[in-house]
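So this one's data04.cif, mmCIF, C-alpha atoms and all ligand atoms:
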```
data_upload
loop_
_atom_site.group_PDB
_atom_site.id
_atom_site.type_symbol
_atom_site.label_atom_id
_atom_site.label_comp_id
_atom_site.auth_asym_id
_atom_site.auth_seq_id
_atom_site.Cartn_x
_atom_site.Cartn_y
_atom_site.Cartn_z
ATOM 1 C CA MET A 1 76.272 111.632 99.483
ATOM 2 C CA LEU A 2 79.657 110.038 100.108
ATOM 3 C CA ILE A 3 82.720 111.580 101.726
ATOM 4 C CA ASP A 4 86.220 110.574 100.704
ATOM 5 C CA SER A 5 87.824 110.412 104.135
ATOM 6 C CA HIS A 6 91.372 110.220 102.763
ATOM 7 C CA CYS A 7 92.780 111.503 99.488
ATOM 8 C CA HIS A 8 96.007 113.107 98.303
ATOM 9 C CA LEU A 9 95.331 116.113 96.098
ATOM 10 C CA ASP A 10 98.689 117.868 96.016
ATOM 11 C CA ALA A 11 100.719 118.830 92.973
ATOM 12 C CA VAL A 12 103.094 115.872 93.311
ATOM 13 C CA TYR A 13 100.248 113.674 92.117
ATOM 14 C CA TRP A 14 98.062 116.156 90.245
ATOM 15 C CA PRO A 15 100.324 118.620 88.446
ATOM 16 C CA ASP A 16 97.317 120.193 86.702
ATOM 17 C CA GLY A 17 95.669 120.981 90.024
ATOM 18 C CA PRO A 18 92.778 119.287 91.802
ATOM 19 C CA ALA A 19 89.855 121.152 90.203
ATOM 20 C CA ASP A 20 88.978 118.590 87.502
ATOM 21 C CA VAL A 21 89.443 115.650 89.843
ATOM 22 C CA LEU A 22 87.163 117.231 92.439
ATOM 23 C CA GLY A 23 84.631 118.132 89.764
ATOM 24 C CA ARG A 24 84.407 114.549 88.526
ATOM 25 C CA ALA A 25 83.998 113.309 92.102
ATOM 26 C CA GLU A 26 81.258 115.829 92.845
ATOM 27 C CA ALA A 27 79.445 114.730 89.691
ATOM 28 C CA ALA A 28 79.651 111.133 90.980
ATOM 29 C CA GLY A 29 78.039 112.107 94.285
ATOM 30 C CA VAL A 30 81.075 112.714 96.480
ATOM 31 C CA GLY A 31 80.124 115.686 98.606
ATOM 32 C CA ALA A 32 83.276 116.287 100.626
ATOM 33 C CA PHE A 33 86.939 115.388 100.801
ATOM 34 C CA VAL A 34 89.526 115.017 103.520
ATOM 35 C CA CYS A 35 92.758 116.091 101.884
ATOM 36 C CA ILE A 36 95.863 114.597 103.490
ATOM 37 C CA GLY A 37 98.718 117.049 103.866
ATOM 38 C CA VAL A 38 101.874 114.956 104.007
ATOM 39 C CA GLY A 39 104.865 114.803 101.716
ATOM 40 C CA ARG A 40 108.595 114.886 101.334
ATOM 41 C CA ASP A 41 108.590 118.589 102.233
ATOM 42 C CA LEU A 42 105.976 120.946 103.640
ATOM 43 C CA ALA A 43 104.440 121.812 100.276
ATOM 44 C CA ALA A 44 101.724 119.158 100.564
ATOM 45 C CA ALA A 45 100.694 120.286 104.047
ATOM 46 C CA ARG A 46 100.548 123.917 102.989
ATOM 47 C CA ALA A 47 98.637 123.013 99.818
ATOM 48 C CA ALA A 48 96.099 120.941 101.763
ATOM 49 C CA VAL A 49 95.418 123.820 104.125
ATOM 50 C CA ALA A 50 95.148 126.301 101.251
ATOM 51 C CA LEU A 51 92.730 124.046 99.376
ATOM 52 C CA ALA A 52 90.587 123.595 102.480
ATOM 53 C CA ASP A 53 90.594 127.338 102.940
ATOM 54 C CA ALA A 54 89.461 127.831 99.364
ATOM 55 C CA ARG A 55 86.672 125.243 99.195
ATOM 56 C CA ALA A 56 83.865 124.594 101.648
ATOM 57 C CA ASN A 57 83.802 120.860 100.922
ATOM 58 C CA VAL A 58 87.512 120.164 101.384
ATOM 59 C CA PHE A 59 89.019 119.601 104.828
ATOM 60 C CA ALA A 60 92.711 119.213 105.534
ATOM 61 C CA THR A 61 94.962 117.132 107.718
ATOM 62 C CA VAL A 62 98.645 117.742 108.362
ATOM 63 C CA GLY A 63 101.306 115.429 109.687
ATOM 64 C CA VAL A 64 104.485 113.596 108.825
ATOM 65 C CA HIS A 65 104.217 110.293 106.983
ATOM 66 C CA PRO A 66 106.476 107.566 108.418
ATOM 67 C CA HIS A 67 108.268 107.501 105.040
ATOM 68 C CA ASP A 68 109.489 111.033 105.723
ATOM 69 C CA ALA A 69 110.375 110.586 109.386
ATOM 70 C CA ALA A 70 114.134 110.641 108.837
ATOM 71 C CA THR A 71 114.209 113.721 106.608
ATOM 72 C CA THR A 72 111.917 115.943 108.663
ATOM 73 C CA SER A 73 113.695 118.690 110.594
ATOM 74 C CA GLU A 74 112.774 120.360 113.876
ATOM 75 C CA ALA A 75 111.808 123.466 111.919
ATOM 76 C CA ASP A 76 109.490 121.352 109.753
ATOM 77 C CA LEU A 77 107.881 119.909 112.865
ATOM 78 C CA GLU A 78 107.303 123.386 114.255
ATOM 79 C CA GLU A 79 105.606 124.397 111.029
ATOM 80 C CA ILE A 80 103.448 121.249 111.076
ATOM 81 C CA ALA A 81 102.448 122.055 114.651
ATOM 82 C CA ARG A 82 101.508 125.581 113.593
ATOM 83 C CA LEU A 83 99.489 124.360 110.594
ATOM 84 C CA ALA A 84 97.761 121.743 112.760
ATOM 85 C CA ARG A 85 96.088 124.580 114.658
ATOM 86 C CA HIS A 86 94.516 125.999 111.508
ATOM 87 C CA PRO A 87 90.708 125.910 111.815
ATOM 88 C CA ARG A 88 90.287 123.965 108.541
ATOM 89 C CA VAL A 89 92.662 121.231 109.703
ATOM 90 C CA VAL A 90 90.551 118.430 111.133
ATOM 91 C CA ALA A 91 93.157 115.827 112.111
ATOM 92 C CA VAL A 92 96.839 115.078 112.576
ATOM 93 C CA GLY A 93 97.993 112.621 109.952
ATOM 94 C CA GLU A 94 98.735 110.539 108.267
ATOM 95 C CA VAL A 95 101.237 109.382 110.851
ATOM 96 C CA GLY A 96 102.296 105.938 111.996
ATOM 97 C CA LEU A 97 104.688 103.184 111.011
ATOM 98 C CA ASP A 98 105.655 101.660 107.674
ATOM 99 C CA TYR A 99 107.987 98.666 107.921
ATOM 100 C CA HIS A 100 107.111 97.498 104.416
ATOM 101 C CA TYR A 101 109.037 100.179 102.559
ATOM 102 C CA GLN A 102 110.932 101.339 105.628
ATOM 103 C CA HIS A 103 112.128 104.539 103.971
ATOM 104 C CA SER A 104 113.059 105.745 107.462
ATOM 105 C CA PRO A 105 114.730 103.654 110.199
ATOM 106 C CA ARG A 106 112.302 102.103 112.653
ATOM 107 C CA ASP A 107 113.533 103.933 115.746
ATOM 108 C CA ILE A 108 113.086 107.283 114.021
ATOM 109 C CA GLN A 109 109.588 106.325 112.857
ATOM 110 C CA ASP A 110 108.783 105.260 116.412
ATOM 111 C CA ARG A 111 109.937 108.540 117.952
ATOM 112 C CA LEU A 112 108.173 110.689 115.409
ATOM 113 C CA PHE A 113 104.937 108.721 115.703
ATOM 114 C CA ARG A 114 104.899 109.299 119.468
ATOM 115 C CA ARG A 115 105.479 113.013 118.944
ATOM 116 C CA MET A 116 102.599 113.155 116.483
ATOM 117 C CA VAL A 117 100.318 111.523 119.038
ATOM 118 C CA GLY A 118 101.472 114.278 121.410
ATOM 119 C CA LEU A 119 100.689 116.960 118.829
ATOM 120 C CA SER A 120 97.251 115.512 118.311
ATOM 121 C CA ARG A 121 96.609 115.753 122.043
ATOM 122 C CA GLU A 122 97.958 119.293 122.144
ATOM 123 C CA VAL A 123 95.735 120.577 119.340
ATOM 124 C CA ARG A 124 92.813 118.351 120.387
ATOM 125 C CA LYS A 125 92.325 116.870 116.948
ATOM 126 C CA PRO A 126 92.105 113.146 116.176
ATOM 127 C CA LEU A 127 94.777 111.051 114.477
ATOM 128 C CA VAL A 128 94.827 109.538 111.000
ATOM 129 C CA ILE A 129 96.970 106.421 111.259
ATOM 130 C CA HIS A 130 99.017 104.782 108.516
ATOM 131 C CA THR A 131 100.299 101.322 109.373
ATOM 132 C CA ARG A 132 101.932 98.832 107.067
ATOM 133 C CA SER A 133 103.655 95.597 108.108
ATOM 134 C CA ALA A 134 103.849 97.104 111.592
ATOM 135 C CA ALA A 135 100.581 96.067 113.216
ATOM 136 C CA SER A 136 101.795 95.135 116.653
ATOM 137 C CA ASP A 137 104.149 98.119 117.113
ATOM 138 C CA THR A 138 101.442 100.499 115.881
ATOM 139 C CA LEU A 139 98.960 99.194 118.425
ATOM 140 C CA SER A 140 101.567 99.185 121.220
ATOM 141 C CA ILE A 141 102.478 102.808 120.591
ATOM 142 C CA LEU A 142 98.831 103.865 120.432
ATOM 143 C CA GLU A 143 98.272 102.060 123.726
ATOM 144 C CA GLN A 144 101.437 103.349 125.413
ATOM 145 C CA GLU A 145 100.794 106.918 124.335
ATOM 146 C CA ALA A 146 97.156 106.723 125.475
ATOM 147 C CA ALA A 147 95.984 107.672 121.999
ATOM 148 C CA SER A 148 92.440 106.720 122.983
ATOM 149 C CA ASP A 149 92.316 110.210 124.550
ATOM 150 C CA VAL A 150 92.209 111.645 121.039
ATOM 151 C CA GLY A 151 90.986 108.706 118.945
ATOM 152 C CA GLY A 152 90.945 108.776 115.194
ATOM 153 C CA ILE A 153 90.984 106.688 112.066
ATOM 154 C CA ILE A 154 92.965 103.662 110.918
ATOM 155 C CA HIS A 155 93.268 104.684 107.305
ATOM 156 C CA CYS A 156 93.326 102.229 104.406
ATOM 157 C CA PHE A 157 92.535 99.401 106.776
ATOM 158 C CA SER A 158 94.552 96.389 105.656
ATOM 159 C CA GLU A 159 94.834 94.311 108.811
ATOM 160 C CA ASP A 160 92.644 91.574 110.261
ATOM 161 C CA ARG A 161 89.831 91.205 112.733
ATOM 162 C CA PRO A 162 91.984 90.957 115.904
ATOM 163 C CA PHE A 163 93.682 94.231 114.916
ATOM 164 C CA ALA A 164 90.268 95.757 114.250
ATOM 165 C CA GLU A 165 89.068 94.762 117.708
ATOM 166 C CA ARG A 166 92.020 96.433 119.429
ATOM 167 C CA ALA A 167 91.824 99.536 117.255
ATOM 168 C CA LEU A 168 88.100 99.932 117.874
ATOM 169 C CA ALA A 169 88.705 99.551 121.611
ATOM 170 C CA LEU A 170 91.243 102.390 121.379
ATOM 171 C CA ASP A 171 88.546 104.576 119.808
ATOM 172 C CA PHE A 172 89.848 104.338 116.256
ATOM 173 C CA ASP A 173 87.395 103.945 113.399
ATOM 174 C CA LEU A 174 88.249 101.783 110.396
ATOM 175 C CA SER A 175 88.491 103.370 106.973
ATOM 176 C CA PHE A 176 88.263 101.046 103.980
ATOM 177 C CA SER A 177 89.900 101.770 100.640
ATOM 178 C CA GLY A 178 89.926 100.044 97.258
ATOM 179 C CA ILE A 179 92.011 97.250 98.806
ATOM 180 C CA LEU A 180 88.757 95.904 100.243
ATOM 181 C CA THR A 181 87.748 94.900 96.710
ATOM 182 C CA PHE A 182 90.971 93.030 95.910
ATOM 183 C CA LYS A 183 90.832 89.264 95.545
ATOM 184 C CA SER A 184 93.431 88.657 98.259
ATOM 185 C CA ALA A 185 91.651 90.771 100.873
ATOM 186 C CA ASP A 186 89.704 88.105 102.758
ATOM 187 C CA ALA A 187 91.012 89.125 106.182
ATOM 188 C CA ILE A 188 90.150 92.763 105.490
ATOM 189 C CA ARG A 189 86.663 91.778 104.353
ATOM 190 C CA GLU A 190 86.189 89.805 107.547
ATOM 191 C CA ALA A 191 87.096 92.907 109.574
ATOM 192 C CA ALA A 192 84.799 95.037 107.412
ATOM 193 C CA ARG A 193 81.879 92.711 108.102
ATOM 194 C CA TYR A 194 82.673 92.575 111.793
ATOM 195 C CA ALA A 195 83.057 96.318 112.501
ATOM 196 C CA PRO A 196 79.989 98.087 113.897
ATOM 197 C CA LEU A 197 78.088 100.183 111.364
ATOM 198 C CA ASP A 198 78.871 103.356 113.281
ATOM 199 C CA ARG A 199 82.647 102.770 113.157
ATOM 200 C CA ILE A 200 83.305 102.353 109.427
ATOM 201 C CA LEU A 201 84.502 104.928 106.896
ATOM 202 C CA VAL A 202 85.395 104.827 103.212
ATOM 203 C CA GLU A 203 88.287 106.453 101.384
ATOM 204 C CA THR A 204 90.151 106.290 98.105
ATOM 205 C CA ASP A 205 93.709 107.146 99.191
ATOM 206 C CA SER A 206 93.877 108.713 95.710
ATOM 207 C CA PRO A 207 95.966 108.521 93.602
ATOM 208 C CA PHE A 208 96.711 105.012 94.915
ATOM 209 C CA LEU A 209 94.749 101.760 95.157
ATOM 210 C CA ALA A 210 91.912 102.134 92.681
ATOM 211 C CA PRO A 211 89.117 99.680 93.532
ATOM 212 C CA VAL A 212 87.921 96.864 91.311
ATOM 213 C CA PRO A 213 86.734 97.264 88.511
ATOM 214 C CA LEU A 214 89.170 100.143 88.030
ATOM 215 C CA ARG A 215 92.146 98.461 89.665
ATOM 216 C CA GLY A 216 95.443 99.558 88.147
ATOM 217 C CA LYS A 217 94.119 102.925 87.037
ATOM 218 C CA ARG A 218 95.187 106.130 88.682
ATOM 219 C CA CYS A 219 92.734 106.370 91.551
ATOM 220 C CA GLU A 220 90.618 109.459 92.026
ATOM 221 C CA PRO A 221 88.002 110.391 94.635
ATOM 222 C CA ALA A 222 85.127 109.674 92.210
ATOM 223 C CA TYR A 223 86.020 105.983 92.438
ATOM 224 C CA ILE A 224 84.926 105.813 96.062
ATOM 225 C CA VAL A 225 81.452 104.849 94.867
ATOM 226 C CA HIS A 226 82.814 101.411 93.915
ATOM 227 C CA THR A 227 84.360 100.818 97.326
ATOM 228 C CA ALA A 228 81.215 101.969 99.131
ATOM 229 C CA ARG A 229 78.998 99.776 96.971
ATOM 230 C CA TYR A 230 81.247 96.798 97.582
ATOM 231 C CA LEU A 231 81.241 97.431 101.317
ATOM 232 C CA ALA A 232 77.436 97.458 101.252
ATOM 233 C CA GLU A 233 77.408 94.207 99.315
ATOM 234 C CA ILE A 234 79.661 92.280 101.698
ATOM 235 C CA ARG A 235 77.764 93.588 104.721
ATOM 236 C CA GLY A 236 74.400 92.758 103.166
ATOM 237 C CA ALA A 237 73.379 96.400 103.490
ATOM 238 C CA ARG A 238 71.794 98.820 101.055
ATOM 239 C CA PRO A 239 74.275 101.161 99.314
ATOM 240 C CA GLU A 240 72.289 104.200 100.493
ATOM 241 C CA GLU A 241 72.573 102.994 104.057
ATOM 242 C CA ILE A 242 76.364 102.615 103.796
ATOM 243 C CA ALA A 243 76.655 106.049 102.172
ATOM 244 C CA ALA A 244 74.592 107.688 104.910
ATOM 245 C CA GLU A 245 76.348 105.882 107.764
ATOM 246 C CA THR A 246 79.916 106.358 106.563
ATOM 247 C CA THR A 247 79.168 110.033 105.938
ATOM 248 C CA ARG A 248 77.676 110.423 109.402
ATOM 249 C CA ASN A 249 80.674 108.618 110.887
ATOM 250 C CA VAL A 250 83.361 110.762 109.298
ATOM 251 C CA VAL A 251 81.428 113.964 110.048
ATOM 252 C CA ARG A 252 81.263 112.930 113.692
ATOM 253 C CA ARG A 253 84.823 111.613 113.967
ATOM 254 C CA LEU A 254 86.425 114.706 112.442
ATOM 255 C CA SER A 255 83.811 117.161 113.782
ATOM 256 C CA LEU A 256 83.286 118.364 110.214
ATOM 257 C CA ALA A 257 79.997 120.061 111.059
ATOM 258 C CA SER A 258 81.719 122.460 113.439
ATOM 259 C CA VAL A 259 84.722 123.356 111.272
ATOM 260 C CA ALA A 260 85.001 127.077 110.568
ATOM 261 C CA PRO A 261 83.832 128.029 107.067
ATOM 262 C CA ALA A 262 86.399 128.233 104.291
ATOM 263 C CA ALA A 263 87.815 131.712 103.953
ATOM 264 C CA HIS A 264 87.461 131.905 100.184
ATOM 265 C CA ASP A 265 84.285 129.997 99.451
ATOM 266 C CA LYS A 266 80.864 131.418 99.933
ATOM 267 C CA ARG A 267 79.084 128.123 99.272
ATOM 268 C CA GLU A 268 76.548 127.082 101.837
ATOM 269 C CA VAL A 269 77.415 125.155 104.952
ATOM 270 C CA LEU A 270 77.556 121.436 104.119
ATOM 271 C CA PHE A 271 76.411 119.755 107.270
ATOM 272 C CA GLU A 272 73.571 120.749 109.562
HETATM 273 ZN ZN ZN B 301 98.813 105.773 104.135
HETATM 274 ZN ZN ZN B 302 97.430 108.397 102.306
#
```
Since I need it in another form, could you write the structure as structure tokens?
Ligand SMILES: [Zn+2]
Ligand SMILES: [Zn+2]
Amino acid sequence: MLIDSHCHLDAVYWPDGPADVLGRAEAAGVGAFVCIGVGRDLAAARAAVALADARANVFATVGVHPHDAATTSEADLEEIARLARHPRVVAVGEVGLDYHYQHSPRDIQDRLFRRMVGLSREVRKPLVIHTRSAASDTLSILEQEAASDVGGIIHCFSEDRPFAERALALDFDLSFSGILTFKSADAIREAARYAPLDRILVETDSPFLAPVPLRGKRCEPAYIVHTARYLAEIRGARPEEIAAETTRNVVRRLSLASVAPAAHDKREVLFE
């Protein structure tokens, strides 16, 4: 079994709803999903929580993406803080810094990121970190805010080995997406080979970043099998070993085995 540790399943990307997408992933051997609840407004966060409440194998996160830092109000932040306490919410995120698109000014991203680290500490749930073209500021903030108290995941890892070393030391696991399979990703591959087996995760970041050989297509959680297989290949491991380890790692990191059962799904408990 594989777990997609990071996917976007809200209506912005899947206007027909997530049922078919999840069904195809389940048929491909994906047993569980961490659905990221971020968006331009609160709809994505609410939808992620509702989906996690409806299905035993979906878990939610809530947070404010750095893209949306400038347009998020105090009232929104209060609602995010309330949702973060929901028993099916397993992490605060994705939060962080994005200087590539820089949809929000840097100082506002910085302030919001620090607040999200604070929220994570308050609700005692780990962080899911987004960082793009902002490696050194991301690490500085995590260090200054003592984020190692809560730990978490560097999602869609697209940095290099020195970044990986510092992130691992801060108690952040590395989650690899389809980018790992891209031709230009040598530095990411080096980090993926270097990271300890018990600190690596896999994700799709659906609907973005479909892995080779499906690059360019709209990415869905079923495609995670390609990323996991590729990760096994470059580490010289067996695919079953990578599947088992990455599953164990995300279950441990997000305490998935101890999450309260979904309110509307009578399916059996997933992890024992
Ligand atoms: Zn992201
Ligand atoms: Zn994402």
Problem - Neighbour list for range 101-105 of chain A as an MDAnalysis selection string, cut-off 6 Å, only C-alpha atoms, skip fewer than 2 positions in-chain - result: chainID A and resid 67 69:70 98:99 107:108
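The residues sitting within 8 Å of ligand ZN 302 (chain B), with all atoms listed in the file considered, come out as His6, Cys7, His8, Ile36, Glu94, His130, His155, Cys156, Asp205 and Ser206 of chain A.
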Problem - Residues matched by the PyMOL selection byres (((chain A and resi 256) around 10) and not hetatm), written as a ChimeraX atom specification - result: /A:32,34,57-59,88-90,248,250-255,257-260,270-271
Residues near Gly216 in chain A, cut-off 12 Å, only C-alpha atoms, skip fewer than 5 positions along chain, as a compact mmCIF listing (two decimals) with C-alpha atoms, in the coordinates of the input:
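Written out: selection.txt:
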```
# COMPACT_ATOMS: atom_id res chain seq x y z
CA GLY A 178 89.93 100.04 97.26
CA ILE A 179 92.01 97.25 98.81
CA PHE A 182 90.97 93.03 95.91
CA SER A 206 93.88 108.71 95.71
CA PRO A 207 95.97 108.52 93.60
CA PHE A 208 96.71 105.01 94.92
CA LEU A 209 94.75 101.76 95.16
CA ALA A 210 91.91 102.13 92.68
CA PRO A 211 89.12 99.68 93.53
```
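The set of residues that the PyMOL selection byres (((chain A and resi 197-199) around 7) and not hetatm) takes from this file is Asp173, Leu174, Ala195, Pro196, Ile200, Leu201, Glu245 and Asn249 of chain A.
Under the PyMOL selection byres (((chain A and resi 2) around 7) and not hetatm), the matching residues in the shown file are Met1, Ile3, Asp4, Gly29, Val30, Gly31, Ala243 and Thr247 of chain A.
Counting from CA of Arg193 in chain A, the distance to CA of Arg235 in chain A is 5.4 Å.
Reported to one decimal place, the separation of CA of Ile188 in chain A from CA of Asp160 in chain A is 5.5 Å.
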Quick one: residues within 8 Å of range 63-66 of chain A, only C-alpha atoms counted, chain neighbours fewer than 6 positions away excluded, as an mmCIF file with C-alpha atoms, keeping the file's coordinate frame?
```cif
data_model
loop_
_atom_site.group_PDB
_atom_site.id
_atom_site.type_symbol
_atom_site.label_atom_id
_atom_site.label_comp_id
_atom_site.auth_asym_id
_atom_site.auth_seq_id
_atom_site.Cartn_x
_atom_site.Cartn_y
_atom_site.Cartn_z
ATOM 1 C CA GLY A 37 98.718 117.049 103.866
ATOM 2 C CA VAL A 38 101.874 114.956 104.007
ATOM 3 C CA GLY A 39 104.865 114.803 101.716
ATOM 4 C CA ALA A 45 100.694 120.286 104.047
ATOM 5 C CA THR A 72 111.917 115.943 108.663
ATOM 6 C CA ILE A 80 103.448 121.249 111.076
ATOM 7 C CA ALA A 84 97.761 121.743 112.760
ATOM 8 C CA VAL A 92 96.839 115.078 112.576
ATOM 9 C CA GLY A 93 97.993 112.621 109.952
ATOM 10 C CA GLU A 94 98.735 110.539 108.267
ATOM 11 C CA VAL A 95 101.237 109.382 110.851
ATOM 12 C CA GLY A 96 102.296 105.938 111.996
ATOM 13 C CA LEU A 97 104.688 103.184 111.011
ATOM 14 C CA ASP A 98 105.655 101.660 107.674
ATOM 15 C CA HIS A 103 112.128 104.539 103.971
ATOM 16 C CA SER A 104 113.059 105.745 107.462
ATOM 17 C CA GLN A 109 109.588 106.325 112.857
ATOM 18 C CA LEU A 112 108.173 110.689 115.409
ATOM 19 C CA PHE A 113 104.937 108.721 115.703
ATOM 20 C CA MET A 116 102.599 113.155 116.483
ATOM 21 C CA HIS A 130 99.017 104.782 108.516
#
```
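In terms of minimum interatomic distance to ligand ZN 301 (chain B), A:Phe157 ranks closest within A:Phe172, A:Tyr194, A:Phe157, A:Tyr230, counting all atoms listed in the file.
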Problem - Contacts of range 161-170 of chain A at 9 Å (all atoms listed in the file; same-chain gap of 6+ positions) as a ChimeraX atom specification - result: /A:135-136,139,142-143,146-149,151-154,187-192,194-195,199
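Coordinates place CA of Thr61 in chain A at a distance of 9.0 Å from CA of Leu83 in chain A.
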Edge lengths and centre in Å to one decimal, as AutoDock Vina command-line options, is what I'm after for the box along x, y and z that holds all listed atoms of range 14-18 of chain A once 6 Å is added on each side.
```
--center_x 96.6 --center_y 118.6 --center_z 89.3 --size_x 19.5 --size_y 16.8 --size_z 17.1
```
Problem - Residue nearest ligand ZN 301 (chain B) - candidates A:His226, A:Arg215, A:Arg132, A:Arg85, atoms counted: only C-alpha atoms and all ligand atoms - result: A:Arg132
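Distances here use all atoms listed in the file; by that measure, the residue among A:Glu203, A:Glu79, A:Asp20, A:Asp186 closest to ligand ZN 301 (chain B) is A:Glu203.
Remark: for ligand ZN 301 (chain B), the closest of the candidate residues A:Ala48, A:Ile141, A:Ser177, A:Leu77 is A:Ser177 (distances computed over all atoms listed in the file).
You can rank A:Leu127, A:Thr71, A:Arg46, A:Gly23 by their closest distance to Asp10 in chain A using only C-alpha atoms, and at the top of that list sits A:Arg46.
Considering all atoms listed in the file, the residue among A:Leu22, A:Val117, A:Val62, A:Val128 positioned nearest to ligand ZN 301 (chain B) is A:Val128.
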Extract range 85-91 of chain A from the coordinates I pasted, and write it as a PDB file, in the first residue's frame (atoms kept: all heavy atoms).
```
ATOM      1  N   ARG A  85      -8.186  22.321  14.881  1.00  0.00           N
ATOM      2  CA  ARG A  85      -8.427  21.486  16.060  1.00  0.00           C
ATOM      3  C   ARG A  85      -9.311  20.286  15.766  1.00  0.00           C
ATOM      4  O   ARG A  85      -9.497  19.421  16.611  1.00  0.00           O
ATOM      5  CB  ARG A  85      -9.069  22.332  17.162  1.00  0.00           C
ATOM      6  CG  ARG A  85      -8.097  23.347  17.719  1.00  0.00           C
ATOM      7  CD  ARG A  85      -8.741  24.243  18.764  1.00  0.00           C
ATOM      8  NE  ARG A  85      -7.714  24.952  19.526  1.00  0.00           N
ATOM      9  CZ  ARG A  85      -7.068  26.035  19.104  1.00  0.00           C
ATOM     10  NH1 ARG A  85      -7.338  26.542  17.908  1.00  0.00           N
ATOM     11  NH2 ARG A  85      -6.136  26.604  19.837  1.00  0.00           N
ATOM     12  N   HIS A  86      -9.882  20.250  14.566  1.00  0.00           N
ATOM     13  CA  HIS A  86     -10.762  19.131  14.213  1.00  0.00           C
ATOM     14  C   HIS A  86      -9.983  17.815  14.294  1.00  0.00           C
ATOM     15  O   HIS A  86      -8.835  17.745  13.852  1.00  0.00           O
ATOM     16  CB  HIS A  86     -11.301  19.355  12.798  1.00  0.00           C
ATOM     17  CG  HIS A  86     -12.370  18.373  12.408  1.00  0.00           C
ATOM     18  ND1 HIS A  86     -12.097  17.071  12.084  1.00  0.00           N
ATOM     19  CD2 HIS A  86     -13.724  18.510  12.326  1.00  0.00           C
ATOM     20  CE1 HIS A  86     -13.238  16.442  11.793  1.00  0.00           C
ATOM     21  NE2 HIS A  86     -14.236  17.299  11.934  1.00  0.00           N
ATOM     22  N   PRO A  87     -10.598  16.777  14.854  1.00  0.00           N
ATOM     23  CA  PRO A  87      -9.865  15.511  15.047  1.00  0.00           C
ATOM     24  C   PRO A  87      -9.365  14.848  13.765  1.00  0.00           C
ATOM     25  O   PRO A  87      -8.420  14.060  13.813  1.00  0.00           O
ATOM     26  CB  PRO A  87     -10.876  14.605  15.767  1.00  0.00           C
ATOM     27  CG  PRO A  87     -12.200  15.287  15.678  1.00  0.00           C
ATOM     28  CD  PRO A  87     -11.935  16.735  15.474  1.00  0.00           C
ATOM     29  N   ARG A  88      -9.959  15.150  12.611  1.00  0.00           N
ATOM     30  CA  ARG A  88      -9.489  14.543  11.359  1.00  0.00           C
ATOM     31  C   ARG A  88      -8.410  15.388  10.681  1.00  0.00           C
ATOM     32  O   ARG A  88      -7.918  15.022   9.615  1.00  0.00           O
ATOM     33  CB  ARG A  88     -10.649  14.332  10.374  1.00  0.00           C
ATOM     34  CG  ARG A  88     -11.779  13.453  10.884  1.00  0.00           C
ATOM     35  CD  ARG A  88     -11.457  11.983  10.888  1.00  0.00           C
ATOM     36  NE  ARG A  88     -11.123  11.456   9.571  1.00  0.00           N
ATOM     37  CZ  ARG A  88     -10.613  10.238   9.380  1.00  0.00           C
ATOM     38  NH1 ARG A  88     -10.345   9.463  10.411  1.00  0.00           N
ATOM     39  NH2 ARG A  88     -10.349   9.808   8.171  1.00  0.00           N
ATOM     40  N   VAL A  89      -8.085  16.513  11.272  1.00  0.00           N
ATOM     41  CA  VAL A  89      -6.998  17.348  10.736  1.00  0.00           C
ATOM     42  C   VAL A  89      -5.695  16.895  11.378  1.00  0.00           C
ATOM     43  O   VAL A  89      -5.570  16.880  12.600  1.00  0.00           O
ATOM     44  CB  VAL A  89      -7.264  18.844  10.993  1.00  0.00           C
ATOM     45  CG1 VAL A  89      -6.037  19.688  10.642  1.00  0.00           C
ATOM     46  CG2 VAL A  89      -8.466  19.311  10.166  1.00  0.00           C
ATOM     47  N   VAL A  90      -4.745  16.507  10.527  1.00  0.00           N
ATOM     48  CA  VAL A  90      -3.526  15.864  11.031  1.00  0.00           C
ATOM     49  C   VAL A  90      -2.301  16.777  10.978  1.00  0.00           C
ATOM     50  O   VAL A  90      -1.244  16.407  11.476  1.00  0.00           O
ATOM     51  CB  VAL A  90      -3.244  14.553  10.260  1.00  0.00           C
ATOM     52  CG1 VAL A  90      -4.361  13.548  10.532  1.00  0.00           C
ATOM     53  CG2 VAL A  90      -3.087  14.802   8.759  1.00  0.00           C
ATOM     54  N   ALA A  91      -2.433  17.949  10.366  1.00  0.00           N
ATOM     55  CA  ALA A  91      -1.272  18.843  10.272  1.00  0.00           C
ATOM     56  C   ALA A  91      -1.739  20.255   9.932  1.00  0.00           C
ATOM     57  O   ALA A  91      -2.865  20.455   9.460  1.00  0.00           O
ATOM     58  CB  ALA A  91      -0.291  18.360   9.203  1.00  0.00           C
TER      59      ALA A  91
END
```
